[in-house]
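I have placed the structure first, in the form of structure tokens, so that the comments after it can refer back to it.
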Amino acid sequence: MTATPGLDGLEREEEGARRDAATPWPDPLPLEAGVPPAYPLDALPPVLAKQVADVARVTQVPTDLPGAIALGVVAPCAARRAVVALGDGPTPTHVEPLCLYVAPVSPSGTRKSAALGDMLAPFYAREAVMQREAEPEVRAAAERRRLAEARLDALRKAQARTDDPADRERLCAEAEALARDLPPVPALPRLVVDDRTPEALALDLAEQEGSVLLASAEGADLFAVAAGRHVRDGGDQASIYLHAYDGERIDVRRITREAVRVEDPALSIIITPQPIVLERLREHPELHHRGLVPRFALVVAPDLAGTRRYDPDAAPDLRIRAAYAAALERLLALPRAADRASTPRLRLAGDTLELWRSYADRVERDLADGGPLAAIREWASKQAGRVARIAGGLHLVATVASGRPWAEAVRPETVASAVRLGEYLEAHALVAYDVMRADPRLRHARQILRWLRRTGASRVTERDALGTLTHGPERTAEATHEACVLLVAHDWLRPEPPPPRRRPGRPESPAYRVHPAVADGIAEVAV
């Protein structure tokens, strides 16, 4: 732009702003990763789909939230009760356990705790019954143990007091025999755990036949612990989570604790972290590169805040809830195998295997440099196996959980549904990783842009924009200014000429005109 002769700096700025105002707006450059697809509810078996829809209706959450949780709920019901074997011949090419790690991401205040509670209600009810039935025997076993330990202690004292070598030998032999046969004390059965250190989690897995569900409405604690919150040297503690996902043996020994060994672990995890948890994972790249974050099926649920309306008649459909609880009960009633070799296999073969192979090959091609999944290569490398696990869980829900006989062969339509869910998870993973990698300036610009679209404002000041940012140490006037500069560079905003200074004091907040497409509600901005 050529400056007009005879104008000072302020006048030139005002003249430039006036000329910009007369210039047509170009199409703005995108700031968002894109809007991920809606949850494919019809890919779920009817008993799951109806529960997900009912929870979404009652709690007024997007279907994505209970839909993602549903995949995580099926996993601990199926884990250690079956595995998925891929291959046409008598020997499969490989076997996948049925546990899953699921993380639907949702901001605070989006009723995710209510949705999680509704989806897990049958687990908590069943666990209460199991503990009530087991408690008398556990108490009796604990008393037998205490009596045996008291007898052992008495033998030790008697052996120490006697001077007769024959008595010493007899008492020692009696103590050794008693020590070999100390009565074990079984742990109370547990289906769901919450806040756990990795060592405590390993103990839970050892006590619960290798399978348990870790469920939390948050998620920050899990990643903080995995990153080494409780370790003096700051080293990460991700190994137990990695081994428990893949079914690899866990062998934990600490100086102050007894050794814990789990031969065939199958941990499932459901967490519903806030977006800030993903953003802070940038501070712990080791959790990504070691493979903990890539093991999670990530879903970025839309935020419905501002659109919800109180409905006094929004009661759960009791028939749907009862059918869902009965389906989970049937799965939980399946026996757990004693070891990996005796675990029943669900087989992907023939046309079913071809469907999965075609999907796996497409994902592999997309990992190449420049491909759609190249930016999330570590995550996508685990996607084909994740889809096989989902197919196994859907198969058990469609058969055993629905009252049909056990069937070894997974049907092609079940794999097709799992593939649809896999494609949905791919799109959401791209958005989730974009959240992880976004710098604060870009994140603030997105928040301002979402607010502008929601309000339809045609003009905004930096003071207004500051009020749209999430409270925290990064919420400053300087950060707001940098975000507005970024929005100007991407043609979402245009600066207005500053008003003339009529009196001393603090100048007015810089103001900007908003792209007409935003004010008119035309520009799509991802939630």
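Numbering starts fresh at 1 for the residues of each chain in the structure tokens, the chains themselves are lettered A, B, ... in the order given, and ligands are numbered from 1 as they appear.
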
From a DSSP pass on the backbone, collect the residues of region 116-313 of chain A flagged as strand (DSSP E) and hand them back as a PyMOL selection string.
-> chain A and resi 192-193+211-216+250-254+257-262+266-271+296-300

Residues near Glu174 (chain A), cut-off 10 Å, only C-alpha atoms, skip fewer than 6 positions along chain, as a list in words |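 Contacts, with the query itself left out: Leu152, Leu155, Arg156 and Arg168 of chain A.
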
Emit the selected residues as a short mmCIF file (atom, residue, chain, number, x, y, z; two decimals), in the first residue's frame, including C-alpha atoms.
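Output file selection-v4.cif is given in full below:
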```cif
data_model
loop_
_atom_site.label_atom_id
_atom_site.label_comp_id
_atom_site.auth_asym_id
_atom_site.auth_seq_id
_atom_site.Cartn_x
_atom_site.Cartn_y
_atom_site.Cartn_z
CA LEU A 152 3.19 -69.84 63.91
CA LEU A 155 5.85 -71.96 67.71
CA ARG A 156 8.63 -69.46 67.06
CA ARG A 168 13.79 -77.42 68.79
#
```

Find the residues around Val277 (chain A) up to 10 Å (only C-alpha atoms counted), leave out those fewer than 5 positions away in its own chain, and share them as a list of chain:residue names.
-> A:Val105, A:Pro107, A:Glu218, A:Gly219, A:Ala220, A:Asp221, A:Phe223, A:Ala224, A:Thr272, A:Arg282, A:Val435, A:Met436

Show which residues sit within 12 Å of Ser358 (chain A), as a PyMOL selection string. Count only C-alpha atoms, and ignore same-chain residues fewer than 6 positions away.
-> chain A and resi 351-352+364-365+384+415-416+419

Could the residues in this selection be written to a file with N, CA and C atoms, as an mmCIF file, in the first residue's frame?
```cif
data_model
loop_
_atom_site.group_PDB
_atom_site.id
_atom_site.type_symbol
_atom_site.label_atom_id
_atom_site.label_comp_id
_atom_site.auth_asym_id
_atom_site.auth_seq_id
_atom_site.Cartn_x
_atom_site.Cartn_y
_atom_site.Cartn_z
ATOM 1 N N ASP A 351 -14.269 -64.453 4.216
ATOM 2 C CA ASP A 351 -14.730 -63.111 3.840
ATOM 3 C C ASP A 351 -14.543 -62.106 4.973
ATOM 4 N N THR A 352 -14.713 -62.585 6.209
ATOM 5 C CA THR A 352 -14.530 -61.705 7.359
ATOM 6 C C THR A 352 -13.091 -61.216 7.450
ATOM 7 N N GLU A 364 -2.465 -48.870 6.489
ATOM 8 C CA GLU A 364 -1.016 -48.905 6.299
ATOM 9 C C GLU A 364 -0.581 -47.966 5.174
ATOM 10 N N ARG A 365 -1.325 -47.939 4.087
ATOM 11 C CA ARG A 365 -0.983 -47.011 2.998
ATOM 12 C C ARG A 365 -1.073 -45.567 3.464
ATOM 13 N N ALA A 384 -5.444 -51.055 13.263
ATOM 14 C CA ALA A 384 -6.005 -52.295 12.718
ATOM 15 C C ALA A 384 -6.251 -53.309 13.835
ATOM 16 N N VAL A 415 -17.655 -57.240 11.346
ATOM 17 C CA VAL A 415 -16.386 -56.598 11.011
ATOM 18 C C VAL A 415 -16.642 -55.297 10.251
ATOM 19 N N ALA A 416 -17.647 -55.287 9.372
ATOM 20 C CA ALA A 416 -17.977 -54.063 8.640
ATOM 21 C C ALA A 416 -18.377 -52.949 9.616
ATOM 22 N N VAL A 419 -15.239 -51.700 11.293
ATOM 23 C CA VAL A 419 -14.485 -50.843 10.379
ATOM 24 C C VAL A 419 -15.081 -49.438 10.356
#
```

Tell me which protein, DNA and RNA residues are within 8 Å of region 401-413 of chain A, counting only C-alpha atoms, leaving out same-chain ones fewer than 5 positions away, and put them as a PyMOL selection string.
-> chain A and resi 47+326-331+345-349+351-352+355+391-392+395-396

Can I get the selected residues back with C-alpha atoms, as a compact mmCIF listing (two decimals), in the first residue's frame?
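As a result, result-v8.txt now contains:
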```txt
# COMPACT_ATOMS: atom_id res chain seq x y z
CA VAL A 47 -28.95 -53.41 22.87
CA ALA A 326 -28.92 -58.08 31.37
CA ALA A 327 -26.63 -58.10 28.31
CA LEU A 328 -23.61 -57.18 30.43
CA GLU A 329 -24.59 -59.79 33.02
CA ARG A 330 -24.54 -62.50 30.34
CA LEU A 331 -21.06 -61.46 29.25
CA ARG A 345 -10.89 -67.86 20.20
CA LEU A 346 -13.18 -65.80 18.02
CA ARG A 347 -12.01 -66.32 14.47
CA LEU A 348 -11.71 -63.86 11.59
CA ALA A 349 -11.42 -66.00 8.47
CA ASP A 351 -14.73 -63.11 3.84
CA THR A 352 -14.53 -61.71 7.36
CA LEU A 355 -12.80 -57.22 5.14
CA ALA A 391 -15.08 -56.57 16.21
CA GLY A 392 -14.59 -59.27 18.85
CA HIS A 395 -19.56 -60.16 18.14
CA LEU A 396 -19.99 -61.21 21.77
```

Show me a table, sorted first by chain and then by increasing residue number, of the residues of region 162-261 of chain A having an atom at most 12 Å from region 71-75 of chain A, each with its shortest atom pair and the distance in Å to one decimal, counting only C-alpha atoms and written as CSV.
```
residue,atom,partner,partner_atom,distance
A:Leu191,CA,A:Val73,CA,10.8
A:Val192,CA,A:Val73,CA,10.4
A:Ser211,CA,A:Ala75,CA,10.0
A:Val212,CA,A:Ala75,CA,9.8
A:Leu213,CA,A:Val73,CA,8.3
A:Leu214,CA,A:Gly72,CA,10.0
A:Ala215,CA,A:Gly72,CA,9.2
A:Ser216,CA,A:Gly72,CA,11.8
A:Tyr245,CA,A:Ala75,CA,11.2
```

Near region 474-491 of chain A, counting only C-alpha atoms, which residues have an atom at most 6 Å away, once you skip same-chain residues fewer than 6 positions from it, shown as JSON, numbers by chain?
-> {"A": [28, 29, 441, 444, 445, 466]}
